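Peer 1: Just passing along the structure, written as structure tokens.
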Amino acid sequence: MVMPMTGSLVPLERFVQEKMGETGLPGLSLALVRQGEVVWSRGFGFRDLERGLPATSQTLFGVGSVTKSFTCLALLQLQERGLLDVEDPVERYLPLPVRPPGDEPIRLRHLMTHTSGLPALGYAEALIRHHVGTSPRWFPLGGIEDMLAFLSEAQPWLVAPPGGRWFYLNEGYVLLGAVIERVSGQPYPDYVREHILQPLEMTRSGFRPADVEGDPDAATPYVIDREKRRARAGYLFGPIQADGGLISCARDLAQYVTMFLAEGRGPAGNTLLRPELLRAMWQPRAPIPFLQRGPSGPEPAGSYGYGLQVTPDFLGETLVGHGGSVLVFTAYIGFVPRRGVGVALLANGAGYPLNQFGAFALALLMGADPWSVPALRAERLLDDLTGVYETYRGTMRATVVRRGDFLVLEMQNTPQEQVALLVPEGYDAASLDPQHPRFVTLAAARWLPVEFIRRDWEVDLIYERYRMRRVGRL
């Protein structure tokens with residue numbers, strides 16, 4: 001389906017292809033939602049590099065932790081049916097070996113919001129990295145009994161009381177999947193298929209090998225290394241389910257996003273969850289530990305609800321979404337409830353952050369300039385400051401390269417290594433002055449200011465005693 005004014009999507013297509021090329025992503029699928037309809041979808045790149053097969057809007061990928069919102073939706077469905085309450089202690093359903101001191105037990109809602117007090121224990125990271133061959137460490141966690149045994153010595157690792165602090169905890173969602181099974185009497189994949197996937201007509205989504213094997217439009221997963229080399233890998237079935245095991249396509253995920261914008265209604269008018277319970281999924285419940293500059297100092301950049309993250313100021317609107325990664329697959333869904341727009345993205349590798357693609361697409365759907373999104377604006381500014389710089393008549397030379405959200409300055413032709421990590425002043429790249437961006441670095445255990453001056457096509461750098469001018473790009 002083609003969106004009206006297709007030309008308006010040319011910047012998105014160009015941006016996607018550019019960033020895929022920079023980071024080595026093999027393939028990506030994207031779908032856009034507006035006012036209850038999937039208005040545009042397509043694939044980019046390859047679902048299988050070796051065979052030269054293109055990605056499509058129906059290509060199957062793993063969605064990783066986007067699955068967590070399905071898990072929370074299932075729990076709220078069971079609450080609506082009177083079979084559980086998210087206020088219930090986890091121990092009502094499972095013999096949880098971690099018991100916080102004090103009177104407050106770990107409740108289902110604490111696991112749903114990542115506020116149990118346990119920090120990430122890394123089970124999923126270990127499984128994924130062993131599976132793709134990047135780590136020898138492995139834990140044979142084949143089911144809930146194995147997970148409970150894995151948690152048996154986690155008590156001393158508690159950092160905060162339940163509800164006191166946000167720690168992203170995959171292990172908690174494994175427990176929630178087991179609760180769904182015990183309360184519903186169905187295996188987790190069967191419950192989700194019957195009560196979520198089928199009502200939403202997500203016919204290409206599932207959890208099991210049979211949902212992928214033999215499918216002519218299934219993506220090959222790839223591990224992408226630092227040199228952008230891509231190595232074939234396999235799907236990760238079994239232990240990772242309720243925390244990140246769903247396999248889907250962009251068109252199906254867009255149908256899921258549409259359900260949120262339609263207050264819980266499916267394509268046939270059926271209701272998956274009453275609106276007030278559905279909206280509870282994106283009620284801010286726990287501030288996430290990512291800070292941004294606020295009017296009176298650093299403040300949380302967003303909050304976590306039930307399996308969904310909430311950004312309170314995305315171009316003046318509330319953005320709800322969640323990302324996912326199992327290293328060889330990445331995904332993102334996002335929607336702006338008041339504007340009725342949403343996006344779904346999936347890729348067969350870990351490269352450029354898909355939430356950034358999502359932000360670009362949502363800005364276009366809202367009729368805004370994508371470069372007015374602070375994170376995208378900051379990224380473009382950092383890229384534009386990189387290059388080769390020289391002092392007067394080329395007496396000294398330095399390079400400036402980007403490393404994530406930082407710049408690294410390295411003096412050239414010096415007998416000893418001189419490298420400076422440039423941190424945005426105020427620790428917030430999004431608030432940098434585009435004409436006169438200022439940074440700080442450490443030199444001899446002291447803070448040293450570093451500044452750039454941009455004029456038309458010229459960029460100057462003030463570092464220590466030197467003024468340098470950019471003479472080339474890297």
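Chain identifiers are assigned as A, B, and so on, following the order in which chains appear in the structure tokens; residues are numbered from 1 within each chain, and ligands are numbered from 1 in order of appearance.
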List as a list of chain:residue names the protein and nucleic acid residues near Phe360 (chain A), meaning an atom at most 7 Å away when only C-alpha atoms are counted, but skip any in the same chain fewer than 3 places from it.
Peer 2: A:Leu12, A:Gln356, A:Phe357, A:Ala363, A:Leu364, A:Pro370
Peer 1: Based on the selection just made, write N, CA and C atoms of those residues as a PDB file, in the first residue's frame.
Peer 2:
```pdb
ATOM      1  N   LEU A  12      13.053   9.765   4.107  1.00  0.00           N
ATOM      2  CA  LEU A  12      13.122   8.571   4.954  1.00  0.00           C
ATOM      3  C   LEU A  12      13.872   7.457   4.246  1.00  0.00           C
ATOM      4  N   GLN A 356      15.986   5.243  16.156  1.00  0.00           N
ATOM      5  CA  GLN A 356      16.313   6.478  15.438  1.00  0.00           C
ATOM      6  C   GLN A 356      15.608   6.506  14.081  1.00  0.00           C
ATOM      7  N   PHE A 357      15.586   5.350  13.387  1.00  0.00           N
ATOM      8  CA  PHE A 357      14.782   5.272  12.170  1.00  0.00           C
ATOM      9  C   PHE A 357      13.319   5.582  12.498  1.00  0.00           C
ATOM     10  N   ALA A 363       8.375  11.599  12.850  1.00  0.00           N
ATOM     11  CA  ALA A 363       8.396  13.043  12.613  1.00  0.00           C
ATOM     12  C   ALA A 363       7.771  13.378  11.267  1.00  0.00           C
ATOM     13  N   LEU A 364       8.107  12.602  10.235  1.00  0.00           N
ATOM     14  CA  LEU A 364       7.508  12.834   8.919  1.00  0.00           C
ATOM     15  C   LEU A 364       6.002  12.639   8.957  1.00  0.00           C
ATOM     16  N   PRO A 370      12.296  15.985  10.497  1.00  0.00           N
ATOM     17  CA  PRO A 370      12.955  14.978  11.343  1.00  0.00           C
ATOM     18  C   PRO A 370      14.186  15.505  12.059  1.00  0.00           C
TER      19      PRO A 370
END
```
Peer 1: Which neighbours of region 224-236 of chain A fall inside 10 Å, counting only C-alpha atoms, when residues of the same chain fewer than 2 positions from it are skipped, and could you give them as a count of residues only?
Peer 2: 39
Peer 1: May I ask which of the residues A:Leu76, A:Pro300, A:Leu261, A:Gly305 is the closest one to His110 (chain A), counting only C-alpha atoms?
Peer 2: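 Under the stated criterion, the closest residue is A:Gly305.
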Peer 1: Tell me, which residues of region 263-352 of chain A carry DSSP strand (DSSP E or B), written as a ChimeraX atom specification?
Peer 2: /A:265,271,286-287,291-294,297-300,303-304,309-314,317-325,330-336,341-347
Peer 1: Please provide as a PyMOL selection string all residues within 8 Å of region 313-317 of chain A, with the sequence filter that same-chain residues fewer than 3 positions apart are discarded (counting only C-alpha atoms).
Peer 2: chain A and resi 336+338+363+372-373
Peer 1: For Leu354 (chain A), which residue out of A:Leu376, A:Leu253, A:Ala331, A:Leu28 is the nearest one, using only C-alpha atoms?
Peer 2: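 Using only C-alpha atoms, the shortest distance to Leu354 (chain A) belongs to A:Ala331.
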Peer 1: Grab the CA of Val86 (chain A) to CA of Arg109 (chain A) distance for me, in Å with one decimal place.
Peer 2: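 Spanning CA of Val86 (chain A) to CA of Arg109 (chain A) is a straight-line distance of 5.1 Å.
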Peer 1: Which of these, A:Leu448, A:Val66, A:Val320, A:Leu60, has the shortest distance to Asp217 (chain A) once you count only C-alpha atoms?
Peer 2: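 Once distances to Asp217 (chain A) are computed over only C-alpha atoms, the minimum belongs to A:Leu60.
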Peer 1: Could you check the closest approach to Gly323 (chain A) for each of A:Val223, A:Ala301, A:Leu346, A:Leu407 and tell me which residue wins, using only C-alpha atoms?
Peer 2: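 Selected residue with least distance to Gly323 (chain A): A:Leu346.
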Peer 1: Taking only C-alpha atoms into account, name the residue in A:Gly177, A:Pro156, A:Gly307, A:Gly334 that is nearest to Val90 (chain A).
Peer 2: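 Smallest distance to Val90 (chain A) is found for A:Gly177.
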Peer 1: Given the choices A:Leu319, A:Ala160, A:Ala444, A:Ile453, which gets closest to Thr115 (chain A) if the distance is worked out from only C-alpha atoms?
Peer 2: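 Checking each candidate against Thr115 (chain A), we get A:Ala160 as the closest.
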Peer 1: Do a neighbour search on Gly117 (chain A) at 10 Å with only C-alpha atoms, toss out local chain neighbours closer than 3 positions, and write the hits as a PDB file with C-alpha atoms, in the first residue's frame.
Peer 2:
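out_6.pdb, written as the output of this step:
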```
ATOM      1  CA  PRO A 100      13.533  -8.593  49.633  1.00  0.00           C
ATOM      2  CA  ILE A 106       8.114  -8.570  44.608  1.00  0.00           C
ATOM      3  CA  HIS A 110       7.406  -4.931  39.686  1.00  0.00           C
ATOM      4  CA  LEU A 111       8.554  -7.455  37.080  1.00  0.00           C
ATOM      5  CA  HIS A 114      11.589  -3.708  35.816  1.00  0.00           C
ATOM      6  CA  ALA A 120      20.182  -7.411  35.157  1.00  0.00           C
ATOM      7  CA  TRP A 157      22.518  -9.032  44.350  1.00  0.00           C
ATOM      8  CA  LEU A 158      19.422  -7.017  45.311  1.00  0.00           C
ATOM      9  CA  VAL A 159      20.153  -3.305  45.034  1.00  0.00           C
ATOM     10  CA  ALA A 160      16.858  -1.665  45.984  1.00  0.00           C
ATOM     11  CA  PRO A 161      13.485  -2.524  47.531  1.00  0.00           C
ATOM     12  CA  PRO A 162      10.687  -3.448  45.113  1.00  0.00           C
ATOM     13  CA  GLY A 163       9.516  -0.336  43.282  1.00  0.00           C
ATOM     14  CA  GLY A 164      12.602   1.605  44.343  1.00  0.00           C
ATOM     15  CA  ARG A 165      14.742   1.554  41.227  1.00  0.00           C
ATOM     16  CA  TRP A 166      14.554   0.609  37.541  1.00  0.00           C
ATOM     17  CA  PHE A 167      16.789  -2.219  36.325  1.00  0.00           C
ATOM     18  CA  TYR A 168      16.041  -3.867  32.982  1.00  0.00           C
ATOM     19  CA  LEU A 169      15.542  -7.516  33.974  1.00  0.00           C
TER      20      LEU A 169
END
```
Peer 1: Excluding region 140-151 of chain A and its own-chain neighbours fewer than 2 positions away, which residues fall within 9 Å of it when counting only C-alpha atoms? Please give them as a VMD selection string.
Peer 2: chain A and resid 94 to 98 121 123 127 138 153 to 155 171 174 to 175 177 to 178 238 to 239
Peer 1: Can you work out the spacing between CA of Val257 (chain A) and CA of Gly122 (chain A) in Å, to one decimal?
Peer 2: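 For CA of Val257 (chain A) relative to CA of Gly122 (chain A), the distance reads 28.9 Å.
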Peer 1: Write out as a list in words each polymer residue whose atoms come within 10 Å of Leu432 (chain A), counting only C-alpha atoms; drop sequence neighbours fewer than 5 positions from it.
Peer 2: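 Contacts, in chain order: Pro374, Arg377, Ala378, Leu381, Leu382, Pro424, Glu425, Gly426, Tyr427, Pro437, Arg438 and Phe439 of chain A.
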Peer 1: Please write the residues from the selection above to a file, keeping N, CA and C atoms, as a PDB file, in the first residue's frame.
Peer 2:
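again_9.pdb written:
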```
ATOM      1  N   PRO A 374      15.639  16.099  18.764  1.00  0.00           N
ATOM      2  CA  PRO A 374      16.942  16.385  19.388  1.00  0.00           C
ATOM      3  C   PRO A 374      18.000  15.312  19.154  1.00  0.00           C
ATOM      4  N   ARG A 377      19.154  15.490  15.548  1.00  0.00           N
ATOM      5  CA  ARG A 377      19.904  16.725  15.343  1.00  0.00           C
ATOM      6  C   ARG A 377      21.311  16.618  15.933  1.00  0.00           C
ATOM      7  N   ALA A 378      21.400  16.040  17.139  1.00  0.00           N
ATOM      8  CA  ALA A 378      22.695  15.884  17.789  1.00  0.00           C
ATOM      9  C   ALA A 378      23.586  14.942  17.000  1.00  0.00           C
ATOM     10  N   LEU A 381      24.959  16.727  13.985  1.00  0.00           N
ATOM     11  CA  LEU A 381      25.972  17.702  14.360  1.00  0.00           C
ATOM     12  C   LEU A 381      27.300  17.025  14.662  1.00  0.00           C
ATOM     13  N   LEU A 382      27.278  15.931  15.434  1.00  0.00           N
ATOM     14  CA  LEU A 382      28.516  15.221  15.751  1.00  0.00           C
ATOM     15  C   LEU A 382      29.194  14.721  14.479  1.00  0.00           C
ATOM     16  N   PRO A 424      30.118  16.244  25.438  1.00  0.00           N
ATOM     17  CA  PRO A 424      29.325  17.462  25.259  1.00  0.00           C
ATOM     18  C   PRO A 424      29.175  18.231  26.569  1.00  0.00           C
ATOM     19  N   GLU A 425      29.348  19.533  26.491  1.00  0.00           N
ATOM     20  CA  GLU A 425      29.180  20.368  27.680  1.00  0.00           C
ATOM     21  C   GLU A 425      27.762  20.207  28.210  1.00  0.00           C
ATOM     22  N   GLY A 426      27.644  19.957  29.502  1.00  0.00           N
ATOM     23  CA  GLY A 426      26.329  19.677  30.077  1.00  0.00           C
ATOM     24  C   GLY A 426      25.898  18.245  29.899  1.00  0.00           C
ATOM     25  N   TYR A 427      26.800  17.414  29.317  1.00  0.00           N
ATOM     26  CA  TYR A 427      26.552  15.982  29.127  1.00  0.00           C
ATOM     27  C   TYR A 427      25.322  15.712  28.263  1.00  0.00           C
ATOM     28  N   PRO A 437      29.363  24.637  19.121  1.00  0.00           N
ATOM     29  CA  PRO A 437      29.255  23.519  20.072  1.00  0.00           C
ATOM     30  C   PRO A 437      30.471  23.435  20.985  1.00  0.00           C
ATOM     31  N   ARG A 438      30.203  23.225  22.261  1.00  0.00           N
ATOM     32  CA  ARG A 438      31.265  23.200  23.265  1.00  0.00           C
ATOM     33  C   ARG A 438      31.316  21.827  23.931  1.00  0.00           C
ATOM     34  N   PHE A 439      32.534  21.387  24.193  1.00  0.00           N
ATOM     35  CA  PHE A 439      32.781  20.095  24.813  1.00  0.00           C
ATOM     36  C   PHE A 439      33.765  20.293  25.958  1.00  0.00           C
TER      37      PHE A 439
END
```
Peer 1: May I ask for the distance between CA of Pro199 (chain A) and CA of Ala254 (chain A), given in Å to one decimal place?
Peer 2: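 Distance between the two atoms: 14.0 Å.
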